[in-house]
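J.: Below you'll find target.cif; it's mmCIF, C-alpha atoms and all ligand atoms.
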```
data_protein
loop_
_atom_site.label_atom_id
_atom_site.label_comp_id
_atom_site.auth_asym_id
_atom_site.auth_seq_id
_atom_site.Cartn_x
_atom_site.Cartn_y
_atom_site.Cartn_z
CA MET A 1 -60.33 86.73 -122.32
CA GLU A 2 -60.19 88.99 -119.24
CA GLN A 3 -56.52 88.14 -118.76
CA ASN A 4 -55.70 91.16 -116.65
CA THR A 5 -58.54 90.66 -114.23
CA ILE A 6 -58.15 86.98 -113.50
CA ASN A 7 -57.43 86.22 -109.88
CA SER A 8 -56.74 82.52 -109.49
CA THR A 9 -56.87 82.62 -105.69
CA GLU A 10 -60.33 84.16 -105.87
CA ILE A 11 -61.54 81.40 -108.21
CA LEU A 12 -60.20 78.65 -105.95
CA GLU A 13 -61.76 80.28 -102.91
CA LYS A 14 -65.12 80.55 -104.65
CA ILE A 15 -64.98 76.88 -105.61
CA ASN A 16 -64.05 75.89 -102.08
CA LYS A 17 -66.91 77.88 -100.56
CA ALA A 18 -69.36 76.69 -103.20
CA ASN A 19 -68.41 73.08 -102.52
CA LYS A 20 -69.02 73.46 -98.80
CA LEU A 21 -72.34 75.17 -99.40
CA THR A 22 -73.50 72.46 -101.82
CA LEU A 23 -72.57 69.69 -99.38
CA LYS A 24 -74.46 71.52 -96.65
CA ASN A 25 -77.67 71.94 -98.65
CA PHE A 26 -77.82 68.84 -100.83
CA SER A 27 -77.21 65.11 -100.58
CA ASN A 28 -73.89 63.62 -101.56
CA THR A 29 -75.35 62.30 -104.81
CA ILE A 30 -74.76 63.49 -108.35
CA SER A 31 -77.35 62.70 -111.00
CA LEU A 32 -76.79 61.78 -114.63
CA GLU A 33 -79.28 63.74 -116.68
CA ARG A 34 -80.52 62.63 -120.07
CA ALA A 35 -82.37 65.00 -122.39
CA ILE A 36 -84.87 62.99 -124.42
CA PHE A 37 -85.26 64.43 -127.91
CA LEU A 38 -88.62 64.32 -129.59
CA SER A 39 -87.72 65.46 -133.09
CA TRP A 40 -84.96 66.77 -135.32
CA TRP A 41 -87.26 69.40 -136.76
CA CYS A 42 -87.59 72.96 -135.51
CA ASP A 43 -89.93 75.38 -137.21
CA LYS A 44 -87.91 78.38 -135.94
CA GLY A 45 -84.57 76.93 -136.93
CA ASP A 46 -82.63 80.18 -136.69
CA CYS A 47 -80.70 80.07 -133.41
CA LYS A 48 -77.13 80.65 -134.45
CA PHE A 49 -75.46 77.87 -132.44
CA CYS A 50 -78.05 75.16 -132.95
CA TYR A 51 -77.60 71.91 -134.85
CA MET A 52 -81.28 72.02 -135.78
CA SER A 53 -80.75 75.32 -137.57
CA THR A 54 -78.43 73.45 -139.95
CA GLN A 55 -81.07 70.80 -140.63
CA LYS A 56 -84.11 72.92 -141.38
CA ASN A 57 -83.44 73.26 -145.10
CA LYS A 58 -82.57 69.60 -145.41
CA ILE A 59 -85.85 68.33 -143.98
CA SER A 60 -88.61 68.25 -146.58
CA ASP A 61 -91.21 66.55 -144.39
CA PRO A 62 -91.08 67.69 -140.73
CA LYS A 63 -93.32 64.80 -139.67
CA LYS A 64 -90.63 62.34 -140.73
CA ALA A 65 -88.06 64.07 -138.50
CA ARG A 66 -90.13 63.13 -135.46
CA ARG A 67 -88.97 60.20 -133.42
CA ARG A 68 -91.39 57.33 -133.00
CA VAL A 69 -93.24 57.63 -129.72
CA ASN A 70 -92.52 53.99 -128.75
CA ASN A 71 -88.82 54.68 -129.25
CA ILE A 72 -89.03 57.75 -126.98
CA LEU A 73 -90.85 55.73 -124.31
CA ALA A 74 -88.40 52.82 -124.61
CA GLU A 75 -85.61 55.32 -123.99
CA ALA A 76 -87.41 56.49 -120.84
CA GLU A 77 -87.64 52.86 -119.68
CA MET A 78 -83.89 52.42 -120.24
CA CYS A 79 -83.19 55.63 -118.29
CA LYS A 80 -85.18 54.20 -115.39
CA ARG A 81 -83.28 50.90 -115.51
CA LEU A 82 -79.91 52.65 -115.49
CA GLY A 83 -80.84 55.24 -112.85
CA TRP A 84 -80.46 58.21 -115.21
CA ASN A 85 -82.75 61.17 -114.62
CA ILE A 86 -84.70 62.55 -117.53
CA GLU A 87 -83.38 66.10 -117.82
CA PHE A 88 -86.37 67.13 -119.92
CA LEU A 89 -88.29 66.32 -123.04
CA SER A 90 -86.87 68.49 -125.73
CA GLY A 91 -88.13 69.23 -129.19
CA GLY A 92 -87.97 71.89 -131.82
CA TYR A 93 -90.89 74.22 -132.40
CA LYS A 94 -93.97 72.71 -134.06
CA SER A 95 -92.65 69.18 -133.98
CA PHE A 96 -95.32 67.83 -131.62
CA THR A 97 -98.63 69.36 -130.53
CA THR A 98 -99.36 70.16 -126.89
CA SER A 99 -101.70 67.17 -126.57
CA GLU A 100 -99.08 64.86 -128.09
CA ILE A 101 -96.44 66.15 -125.66
CA LYS A 102 -98.89 65.69 -122.80
CA SER A 103 -99.56 62.11 -123.86
CA ILE A 104 -95.81 61.32 -124.09
CA ALA A 105 -95.22 62.91 -120.68
CA SER A 106 -98.11 60.90 -119.19
CA ASN A 107 -96.69 57.67 -120.56
CA ILE A 108 -93.26 58.55 -119.13
CA TYR A 109 -94.93 59.31 -115.79
CA ASN A 110 -96.40 55.80 -115.85
CA ILE A 111 -92.92 54.37 -116.43
CA THR A 112 -90.78 56.41 -114.07
CA GLY A 113 -93.42 57.44 -111.51
CA GLU A 114 -92.24 61.02 -111.85
CA GLY A 115 -93.38 64.07 -113.74
CA VAL A 116 -91.04 65.23 -116.50
CA TRP A 117 -89.53 68.59 -117.20
CA LEU A 118 -90.36 70.07 -120.58
CA ASN A 119 -88.09 72.07 -122.83
CA THR A 120 -90.38 72.25 -125.81
CA GLY A 121 -90.43 75.93 -126.60
CA ILE A 122 -92.43 79.01 -125.74
CA THR A 123 -96.10 78.15 -125.34
CA ASP A 124 -99.27 79.70 -123.98
CA GLN A 125 -100.88 76.30 -123.49
CA LEU A 126 -99.38 75.39 -120.12
CA GLU A 127 -102.84 74.92 -118.59
CA GLU A 128 -103.14 71.70 -120.59
CA TYR A 129 -100.49 70.01 -118.47
CA GLY A 130 -101.02 68.29 -115.14
CA LYS A 131 -99.07 66.02 -112.82
CA GLU A 132 -97.22 64.39 -115.74
CA VAL A 133 -95.20 67.61 -116.02
CA LYS A 134 -92.94 68.63 -113.18
CA GLY A 135 -91.49 71.79 -114.55
CA ILE A 136 -91.04 74.11 -117.51
CA THR A 137 -87.70 75.05 -118.99
CA GLY A 138 -87.06 78.37 -120.67
CA ALA A 139 -84.28 78.12 -123.23
CA VAL A 140 -82.75 81.50 -122.41
CA GLU A 141 -79.41 80.32 -123.89
CA THR A 142 -77.22 83.27 -122.97
CA ALA A 143 -76.91 85.55 -119.96
CA ASN A 144 -76.58 88.64 -122.13
CA PRO A 145 -79.97 89.96 -123.34
CA ILE A 146 -78.51 91.89 -126.30
CA LEU A 147 -76.64 88.83 -127.48
CA GLN A 148 -79.74 86.72 -126.87
CA LYS A 149 -81.68 88.82 -129.37
CA GLU A 150 -78.98 88.36 -132.00
CA ILE A 151 -78.41 84.66 -131.42
CA CYS A 152 -82.04 83.60 -130.99
CA PRO A 153 -83.99 86.09 -133.13
CA SER A 154 -87.21 84.07 -132.96
CA LYS A 155 -87.24 83.41 -129.22
CA PRO A 156 -87.88 86.79 -127.55
CA LEU A 157 -86.61 86.77 -124.00
CA ASN A 158 -89.77 88.51 -122.82
CA ASP A 159 -91.93 85.69 -124.12
CA ILE A 160 -89.71 83.13 -122.36
CA SER A 161 -89.89 85.12 -119.12
CA ASN A 162 -93.69 85.48 -119.33
CA MET A 163 -94.04 81.75 -119.91
CA LEU A 164 -91.85 81.00 -116.88
CA ASP A 165 -93.81 83.39 -114.67
CA LYS A 166 -97.06 81.77 -115.77
CA ALA A 167 -95.57 78.31 -115.17
CA GLY A 168 -94.82 79.39 -111.62
CA ASP A 169 -98.38 80.68 -111.14
CA LEU A 170 -99.70 77.32 -112.30
CA GLY A 171 -97.52 75.49 -109.78
CA PHE A 172 -94.83 74.14 -112.11
CA LYS A 173 -91.16 74.33 -111.25
CA LYS A 174 -89.03 76.58 -113.43
CA ALA A 175 -85.69 76.06 -115.14
CA ILE A 176 -83.57 77.91 -117.64
CA THR A 177 -80.76 76.80 -119.95
CA ILE A 178 -77.60 78.84 -120.46
CA ILE A 179 -74.84 78.01 -122.94
CA LEU A 180 -71.43 79.38 -122.03
CA GLY A 181 -69.13 80.40 -124.84
CA LEU A 182 -71.60 82.17 -127.13
CA GLY A 183 -69.83 85.51 -126.70
CA GLU A 184 -70.84 86.52 -123.19
CA THR A 185 -68.36 87.80 -120.61
CA PHE A 186 -68.11 86.96 -116.93
CA GLU A 187 -69.71 90.33 -116.07
CA ASP A 188 -72.95 89.12 -117.67
CA ILE A 189 -73.39 86.92 -114.63
CA ASN A 190 -74.90 89.93 -112.85
CA TYR A 191 -77.77 89.88 -115.33
CA LEU A 192 -78.13 86.13 -114.84
CA ILE A 193 -78.25 86.49 -111.06
CA GLN A 194 -80.92 89.16 -111.39
CA TYR A 195 -82.90 86.99 -113.84
CA LEU A 196 -82.79 83.94 -111.57
CA LYS A 197 -84.03 86.05 -108.67
CA GLU A 198 -86.68 87.93 -110.58
CA HIS A 199 -88.25 84.79 -112.05
CA ASP A 200 -87.67 82.64 -108.98
CA ILE A 201 -85.90 79.90 -110.95
CA ASP A 202 -85.55 76.47 -109.34
CA ARG A 203 -83.01 74.95 -111.70
CA VAL A 204 -80.33 76.29 -114.00
CA ILE A 205 -78.76 74.11 -116.66
CA PHE A 206 -75.40 75.22 -118.03
CA TYR A 207 -73.89 73.87 -121.21
CA SER A 208 -70.59 74.64 -122.76
CA LEU A 209 -70.69 75.58 -126.41
CA ASN A 210 -70.58 72.61 -128.74
CA PRO A 211 -69.36 74.24 -131.96
CA HIS A 212 -71.43 72.55 -134.67
CA PRO A 213 -70.32 72.43 -138.27
CA GLU A 214 -72.27 74.80 -140.56
CA THR A 215 -72.89 77.26 -137.72
CA VAL A 216 -71.06 80.55 -137.11
CA TYR A 217 -69.47 78.94 -134.05
CA VAL A 218 -67.73 76.15 -135.94
CA ASN A 219 -64.27 77.53 -135.17
CA SER A 220 -65.04 78.89 -131.72
CA SER A 221 -63.33 77.46 -128.69
CA GLN A 222 -65.29 75.98 -125.84
CA PRO A 223 -65.18 77.91 -122.57
CA ALA A 224 -62.18 77.34 -120.31
CA SER A 225 -62.78 74.95 -117.43
CA LEU A 226 -61.96 77.56 -114.77
CA TYR A 227 -64.21 80.15 -116.42
CA TYR A 228 -67.04 77.61 -116.36
CA ALA A 229 -66.17 76.81 -112.72
CA LYS A 230 -66.18 80.49 -111.78
CA VAL A 231 -69.63 81.00 -113.30
CA VAL A 232 -71.08 77.91 -111.59
CA SER A 233 -69.52 78.62 -108.19
CA THR A 234 -70.72 82.24 -108.32
CA ILE A 235 -74.27 81.04 -108.98
CA ARG A 236 -74.03 78.50 -106.17
CA LEU A 237 -72.78 81.16 -103.74
CA ASN A 238 -75.65 83.46 -104.69
CA PHE A 239 -78.26 80.69 -104.68
CA PRO A 240 -77.42 78.07 -102.04
CA LYS A 241 -80.49 75.96 -102.84
CA ILE A 242 -80.89 76.24 -106.60
CA GLU A 243 -80.43 73.03 -108.57
CA ILE A 244 -77.48 73.29 -110.94
CA ILE A 245 -76.95 70.92 -113.85
CA CYS A 246 -73.76 71.17 -115.90
CA GLY A 247 -73.25 69.84 -119.38
CA THR A 248 -69.97 68.94 -120.90
CA TRP A 249 -69.30 66.96 -124.06
CA VAL A 250 -67.13 63.81 -124.39
CA ASP A 251 -64.11 65.91 -125.33
CA ASN A 252 -64.28 67.80 -122.02
CA LEU A 253 -64.80 65.10 -119.42
CA ALA A 254 -62.08 66.61 -117.25
CA ASN A 255 -64.48 69.47 -116.52
CA ILE A 256 -66.78 67.22 -114.54
CA GLY A 257 -64.83 67.06 -111.29
CA ILE A 258 -64.29 70.79 -111.03
CA LEU A 259 -67.89 71.60 -111.98
CA ILE A 260 -69.19 69.32 -109.23
CA LEU A 261 -66.90 71.02 -106.72
CA SER A 262 -68.23 74.35 -108.03
CA GLY A 263 -71.80 73.43 -107.18
CA ALA A 264 -73.25 71.13 -109.83
CA ASN A 265 -75.90 68.68 -108.61
CA GLY A 266 -76.11 66.80 -111.87
CA ILE A 267 -74.18 66.34 -115.08
CA THR A 268 -75.48 66.07 -118.61
CA LYS A 269 -74.93 66.25 -122.35
CA PHE A 270 -73.32 62.91 -123.00
CA PRO A 271 -74.12 60.39 -125.70
CA LEU A 272 -75.08 58.03 -122.87
CA PHE A 273 -75.79 54.83 -124.77
CA LYS A 274 -72.68 55.26 -126.89
CA MET A 275 -70.45 55.88 -123.86
CA PHE A 276 -72.00 53.19 -121.67
CA GLY A 277 -69.47 50.60 -120.54
CA THR A 278 -66.57 52.26 -122.40
CA LYS A 279 -63.47 54.00 -121.12
CA TYR A 280 -65.42 57.27 -121.33
CA GLY A 281 -68.27 55.94 -119.19
CA LYS A 282 -65.71 54.79 -116.64
CA ARG A 283 -64.06 58.18 -116.76
CA VAL A 284 -67.33 59.94 -115.92
CA GLU A 285 -67.77 57.67 -112.90
CA GLU A 286 -64.20 58.32 -111.79
CA GLU A 287 -64.59 62.09 -112.20
CA VAL A 288 -67.57 61.91 -109.84
CA GLN A 289 -65.80 59.56 -107.44
CA TRP A 290 -62.87 61.97 -107.10
CA THR A 291 -65.17 64.70 -105.87
CA GLY A 292 -66.15 62.46 -102.96
CA ARG A 293 -69.71 62.20 -104.29
CA LYS A 294 -71.81 59.21 -105.26
CA LEU A 295 -73.20 58.86 -108.75
CA LYS A 296 -76.91 58.08 -108.98
CA GLY A 297 -77.20 55.47 -111.69
CA THR A 298 -74.55 53.71 -113.64
CA PHE A 299 -72.47 54.21 -116.74
CA THR A 300 -70.79 50.82 -116.55
CA ASN A 301 -72.93 48.16 -114.83
CA LYS A 302 -74.13 45.94 -117.68
CA ASP A 303 -76.46 43.94 -115.41
CA LYS A 304 -78.62 47.06 -115.07
CA LEU A 305 -79.37 47.03 -118.80
CA GLY A 306 -81.87 44.27 -118.02
CA SER A 307 -84.07 42.19 -120.26
CA GLU A 308 -84.66 42.79 -123.95
CA LYS A 309 -88.35 42.80 -123.12
CA SER A 310 -90.13 45.88 -121.86
CA GLN A 311 -91.84 45.73 -118.50
CA TYR A 312 -94.50 48.10 -119.78
CA ASN A 313 -95.40 47.52 -123.40
CA LYS A 314 -94.35 44.86 -125.88
CA ASP A 315 -94.24 47.50 -128.65
CA PHE A 316 -91.13 48.94 -126.96
CA ASN A 317 -89.27 45.63 -127.33
CA PRO A 318 -87.50 46.29 -130.66
CA TYR A 319 -86.24 49.64 -129.33
CA ILE A 320 -85.19 48.26 -125.95
CA LYS A 321 -83.29 45.53 -127.79
CA ARG A 322 -81.49 48.13 -129.86
CA TYR A 323 -80.59 50.31 -126.86
CA ILE A 324 -79.10 47.28 -125.12
CA LYS A 325 -77.19 46.24 -128.24
CA ASP A 326 -75.84 49.80 -128.67
CA SER A 327 -74.83 49.96 -125.01
CA LEU A 328 -72.92 46.69 -125.24
CA LYS A 329 -71.09 47.72 -128.40
CA ASN A 330 -67.82 49.51 -127.74
CA LYS A 331 -67.82 52.24 -130.38
CA TYR A 332 -64.57 53.76 -129.17
CA LYS A 333 -62.23 50.83 -129.83
S1 LIG A 401 -85.63 77.19 -131.16
FE1 LIG A 401 -84.39 75.59 -130.15
S2 LIG A 401 -84.35 73.87 -131.58
FE2 LIG A 401 -85.07 75.69 -132.72
S3 LIG A 401 -83.21 76.54 -133.66
FE3 LIG A 401 -83.50 77.59 -131.68
S4 LIG A 401 -82.30 76.38 -130.20
FE4 LIG A 401 -82.54 75.14 -132.03
#
```
Once you've parsed the file, please lay out its structure as structure tokens.
Ligand code: SF4
T.:
Amino acid sequence: MEQNTINSTEILEKINKANKLTLKNFSNTISLERAIFLSWWCDKGDCKFCYMSTQKNKISDPKKARRRVNNILAEAEMCKRLGWNIEFLSGGYKSFTTSEIKSIASNIYNITGEGVWLNTGITDQLEEYGKEVKGITGAVETANPILQKEICPSKPLNDISNMLDKAGDLGFKKAITIILGLGETFEDINYLIQYLKEHDIDRVIFYSLNPHPETVYVNSSQPASLYYAKVVSTIRLNFPKIEIICGTWVDNLANIGILILSGANGITKFPLFKMFGTKYGKRVEEEVQWTGRKLKGTFTNKDKLGSEKSQYNKDFNPYIKRYIKDSLKNKYK
């Protein structure tokens, strides 16, 4: 990819400048972000990279693919105990109604004391939400609008953009998600820069492609670490104050350090309870430590798991108990 145009000195300089700029404008702390899933069902189910697109035909009763609300809320309580931020509530289309999402968000607000971000699809019902929702995420997915149409045929970019603009008018913060490795090139970053400006985006969440079985990407490679770093540092240099979250899967933990130096404020996309207390959890903490930053929250401190009893609702207890048990089990031995 782009072999003849790669200038390694330029990339290192960008990272260096981006690091300085991030340290100037933000605290020294890196957050661990946890997306809380609401359901395994998505009524659209046709985005070409998405795990949910492989499940649609296997789910006969969408209602059964929904997670139990007490389980979702218990997860939020565990996030609070461990100092993990809730990246957003995320669910496929038509898995929960607006009033159900509002009720879940309100309950999370009562637990964490903070409004949650939503990533629950294109909607024209944003007026329903209040202080329990901090911001709205548009799942743009790729920085190339032609590719976006092909990859996400049922999520027109215009509809996402209109929703984000309306979210801004209503006083919500605005975020977008971008997956790197879907077929874009570095030049597409110009479109992304323009998009972030035009829609006055507060937060951009990058992921690297996770090639799921049964999707067209199954044999695709994940983006190179320095490509990812170049994209992130370019965004940081163009937007000194935007919040940048970077996702990387367990098989790419070595990306974390360089992505933080490139401008990331938070990291995401880990199986947090599975990795907790294991060599992988320790590795995440060490990746952060070697950037000279502090990690908000813990991936290793077992005392923070707390009691098997919920502080908020006894109906969460069975789920809390299970999260603690899962966190104490070393699944990587
Ligand atoms: S709309 Fe979202 S959940 Fe549904 S298939 Fe597309 S990416 Fe997956």
J.: Per residue of chain A within 10 Å of ligand LIG 401 (chain A), record the nearest atom pair and its distance in Å to one decimal, counting all atoms listed in the file, with rows in chain order and ascending residue number, as CSV.
T.:
```
residue,atom,partner,partner_atom,distance
A:Ser39,CA,A:LIG401,S2,9.2
A:Trp40,CA,A:LIG401,S2,8.0
A:Trp41,CA,A:LIG401,S2,7.4
A:Cys42,CA,A:LIG401,FE2,4.6
A:Asp43,CA,A:LIG401,FE2,6.6
A:Lys44,CA,A:LIG401,FE2,5.1
A:Gly45,CA,A:LIG401,S3,3.6
A:Asp46,CA,A:LIG401,S3,4.8
A:Cys47,CA,A:LIG401,FE3,4.1
A:Lys48,CA,A:LIG401,S3,7.4
A:Phe49,CA,A:LIG401,S4,7.4
A:Cys50,CA,A:LIG401,FE4,4.6
A:Tyr51,CA,A:LIG401,FE4,6.5
A:Met52,CA,A:LIG401,FE4,5.0
A:Ser53,CA,A:LIG401,S3,4.8
A:Thr54,CA,A:LIG401,S3,8.5
A:Gln55,CA,A:LIG401,S3,9.3
A:Lys56,CA,A:LIG401,S3,8.6
A:Ser90,CA,A:LIG401,S2,8.3
A:Gly91,CA,A:LIG401,S2,6.4
A:Gly92,CA,A:LIG401,S2,4.1
A:Tyr93,CA,A:LIG401,FE2,6.0
A:Lys94,CA,A:LIG401,FE2,9.5
A:Ser95,CA,A:LIG401,S2,9.8
A:Asn119,CA,A:LIG401,FE1,8.9
A:Thr120,CA,A:LIG401,FE1,8.1
A:Gly121,CA,A:LIG401,S1,6.7
A:Ile122,CA,A:LIG401,S1,8.9
A:Ala139,CA,A:LIG401,FE1,7.4
A:Val140,CA,A:LIG401,S4,9.3
A:Glu141,CA,A:LIG401,S4,8.0
A:Ile151,CA,A:LIG401,FE3,8.7
A:Cys152,CA,A:LIG401,FE3,6.2
A:Pro153,CA,A:LIG401,FE3,8.6
A:Ser154,CA,A:LIG401,S1,7.3
A:Lys155,CA,A:LIG401,S1,6.7
```
J.: So the first atom is atom CA of A:Asn190 and the second is atom CA of A:Arg34; what is the distance between them in Å, to one decimal place?
T.: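 So the two atoms, atom CA of A:Asn190 and atom CA of A:Arg34, lie 28.8 Å apart.
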J.: Looking at all atoms listed in the file, which of A:Ser27, A:Asn252, A:Gln194, A:Ser221 is the one that sits closest to A:Ile235?
T.: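 Of A:Ser27, A:Asn252, A:Gln194, A:Ser221, the one nearest A:Ile235 is A:Gln194, counting all atoms listed in the file.
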J.: For the atom pair atom CA of A:Ser262 and atom CA of A:Val232, what is the interatomic distance in Å to one decimal place?
T.: 5.8 Å
J.: So which residues touch stretch 270-279 of chain A within 12 Å, counting only C-alpha atoms, skipping near sequence neighbours fewer than 3 positions away, as an MDAnalysis selection string?
T.: chainID A and resid 32:36 75 78:79 82:87 207 210 246:253 256 267 282:286 297:305 320 322:333
J.: Work out how far apart atom CA of A:Tyr129 and atom CA of A:Lys102 are and give it in Å to one decimal.
T.: 6.3 Å
J.: Can you tell me which residues surround A:Ala143 at a distance of at most 9 Å, considering all atoms listed in the file, apart from same-chain residues fewer than 3 positions away, and format the answer as a PyMOL selection string?
T.: chain A and resi 140+147-148+178-180+184-185+188-192+195
J.: Neighbouring residues of A:Ile101 were defined as those with any atom within 9 Å, considering only C-alpha atoms; residues of the same chain fewer than 5 positions away were excluded. Please report them as a ChimeraX atom specification.
T.: /A:38,89,96,106,118,120
J.: Which is closer to A:Ser8 than all the others in A:Arg293, A:Lys230, A:Arg236, A:Lys63, using only C-alpha atoms?
T.: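 The shortest atom-to-atom distance to A:Ser8 comes from A:Lys230.
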J.: Could the centre and edge lengths of an axis-aligned box, enclosing all atoms of stretch 87-92 of chain A in the file with 3 Å extra on each side, be given in Å to one decimal as lines of an AutoDock Vina configuration file?
T.:
```
center_x = -85.8
center_y = 69.0
center_z = -124.8
size_x = 10.9
size_y = 11.8
size_z = 20.0
```
J.: Skipping near chain neighbours, those fewer than 4 positions away, what residues fall within 7 Å of stretch 67-73 of chain A using only C-alpha atoms, listed as a short mmCIF file (atom, residue, chain, number, x, y, z; two decimals) with C-alpha atoms, keeping the file's coordinate frame?
T.:
```
data_model
loop_
_atom_site.label_atom_id
_atom_site.label_comp_id
_atom_site.auth_asym_id
_atom_site.auth_seq_id
_atom_site.Cartn_x
_atom_site.Cartn_y
_atom_site.Cartn_z
CA LEU A 38 -88.62 64.32 -129.59
CA SER A 39 -87.72 65.46 -133.09
CA GLU A 77 -87.64 52.86 -119.68
CA ILE A 108 -93.26 58.55 -119.13
CA ASP A 315 -94.24 47.50 -128.65
CA PHE A 316 -91.13 48.94 -126.96
CA TYR A 319 -86.24 49.64 -129.33
#
```
J.: Could you check the closest approach to A:Ile30 for each of A:Gly263, A:Gly113, A:Gly306, A:Pro318 and tell me which residue wins, using all atoms listed in the file?
T.: A:Gly263
J.: So that I can see what lies close to A:Met163, please list as a list in words the residues with an atom at most 10 Å from it, counting only C-alpha atoms and leaving out residues fewer than 3 positions away in the same chain.
T.: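 The residues that qualify are Gly121, Ile122, Thr123, Asp124, Gln125, Leu126, Ile136, Thr137, Gly138, Leu157, Asn158, Asp159, Ile160, Lys166, Ala167, Gly168, Asp169 and Lys174 of chain A.
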J.: Would you please work out which residue, of A:Ser225, A:Ser208, A:Ile104, A:Asp200, is nearest to A:Leu164 when using all atoms listed in the file?
T.: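 The answer is A:Asp200, which sits nearest to A:Leu164.
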J.: Could you tell me which of A:Val204, A:Lys149, A:Phe172, A:Thr97 comes closest to A:Gly130 if we count all atoms listed in the file?
T.: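 Comparing A:Val204, A:Lys149, A:Phe172, A:Thr97 against A:Gly130, the winner is A:Phe172.
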J.: For A:Ile244, which residue out of A:Thr5, A:Ser103, A:Gly135, A:Ser31 is the nearest one, using only C-alpha atoms?
T.: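 Answer, going by the shortest atom-to-atom distance: A:Ser31.
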J.: Taking the partial coordinates given, rebuild stretch 269-285 of chain A to contain N, CA and C atoms; return it as a short mmCIF file (atom, residue, chain, number, x, y, z; two decimals), in the coordinates of the input.
T.:
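Written out: selection-v9.cif:
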```cif
data_model
loop_
_atom_site.label_atom_id
_atom_site.label_comp_id
_atom_site.auth_asym_id
_atom_site.auth_seq_id
_atom_site.Cartn_x
_atom_site.Cartn_y
_atom_site.Cartn_z
N LYS A 269 -75.41 65.97 -121.00
CA LYS A 269 -74.93 66.25 -122.35
C LYS A 269 -73.95 65.21 -122.87
N PHE A 270 -74.17 63.97 -122.47
CA PHE A 270 -73.32 62.91 -123.00
C PHE A 270 -74.13 62.05 -123.97
N PRO A 271 -73.43 61.43 -124.92
CA PRO A 271 -74.12 60.39 -125.70
C PRO A 271 -74.14 59.12 -124.85
N LEU A 272 -75.13 59.03 -123.96
CA LEU A 272 -75.08 58.03 -122.87
C LEU A 272 -74.98 56.60 -123.36
N PHE A 273 -75.82 56.24 -124.36
CA PHE A 273 -75.79 54.83 -124.77
C PHE A 273 -74.49 54.51 -125.49
N LYS A 274 -73.95 55.48 -126.18
CA LYS A 274 -72.68 55.26 -126.89
C LYS A 274 -71.52 55.12 -125.90
N MET A 275 -71.57 55.90 -124.83
CA MET A 275 -70.45 55.88 -123.86
C MET A 275 -70.56 54.76 -122.84
N PHE A 276 -71.76 54.18 -122.72
CA PHE A 276 -72.00 53.19 -121.67
C PHE A 276 -70.96 52.06 -121.75
N GLY A 277 -70.38 51.75 -120.62
CA GLY A 277 -69.47 50.60 -120.54
C GLY A 277 -68.10 50.84 -121.18
N THR A 278 -67.86 52.01 -121.74
CA THR A 278 -66.57 52.26 -122.40
C THR A 278 -65.63 53.00 -121.44
N LYS A 279 -64.43 53.26 -121.95
CA LYS A 279 -63.47 54.00 -121.12
C LYS A 279 -64.02 55.40 -120.76
N TYR A 280 -64.86 55.94 -121.62
CA TYR A 280 -65.42 57.27 -121.33
C TYR A 280 -66.48 57.20 -120.22
N GLY A 281 -67.29 56.14 -120.26
CA GLY A 281 -68.27 55.94 -119.19
C GLY A 281 -67.55 55.77 -117.86
N LYS A 282 -66.48 54.99 -117.88
CA LYS A 282 -65.71 54.79 -116.64
C LYS A 282 -65.13 56.11 -116.16
N ARG A 283 -64.67 56.90 -117.11
CA ARG A 283 -64.06 58.18 -116.76
C ARG A 283 -65.07 59.09 -116.06
N VAL A 284 -66.30 59.11 -116.56
CA VAL A 284 -67.33 59.94 -115.92
C VAL A 284 -67.50 59.48 -114.47
N GLU A 285 -67.58 58.18 -114.26
CA GLU A 285 -67.77 57.67 -112.90
C GLU A 285 -66.58 58.04 -112.02
#
```
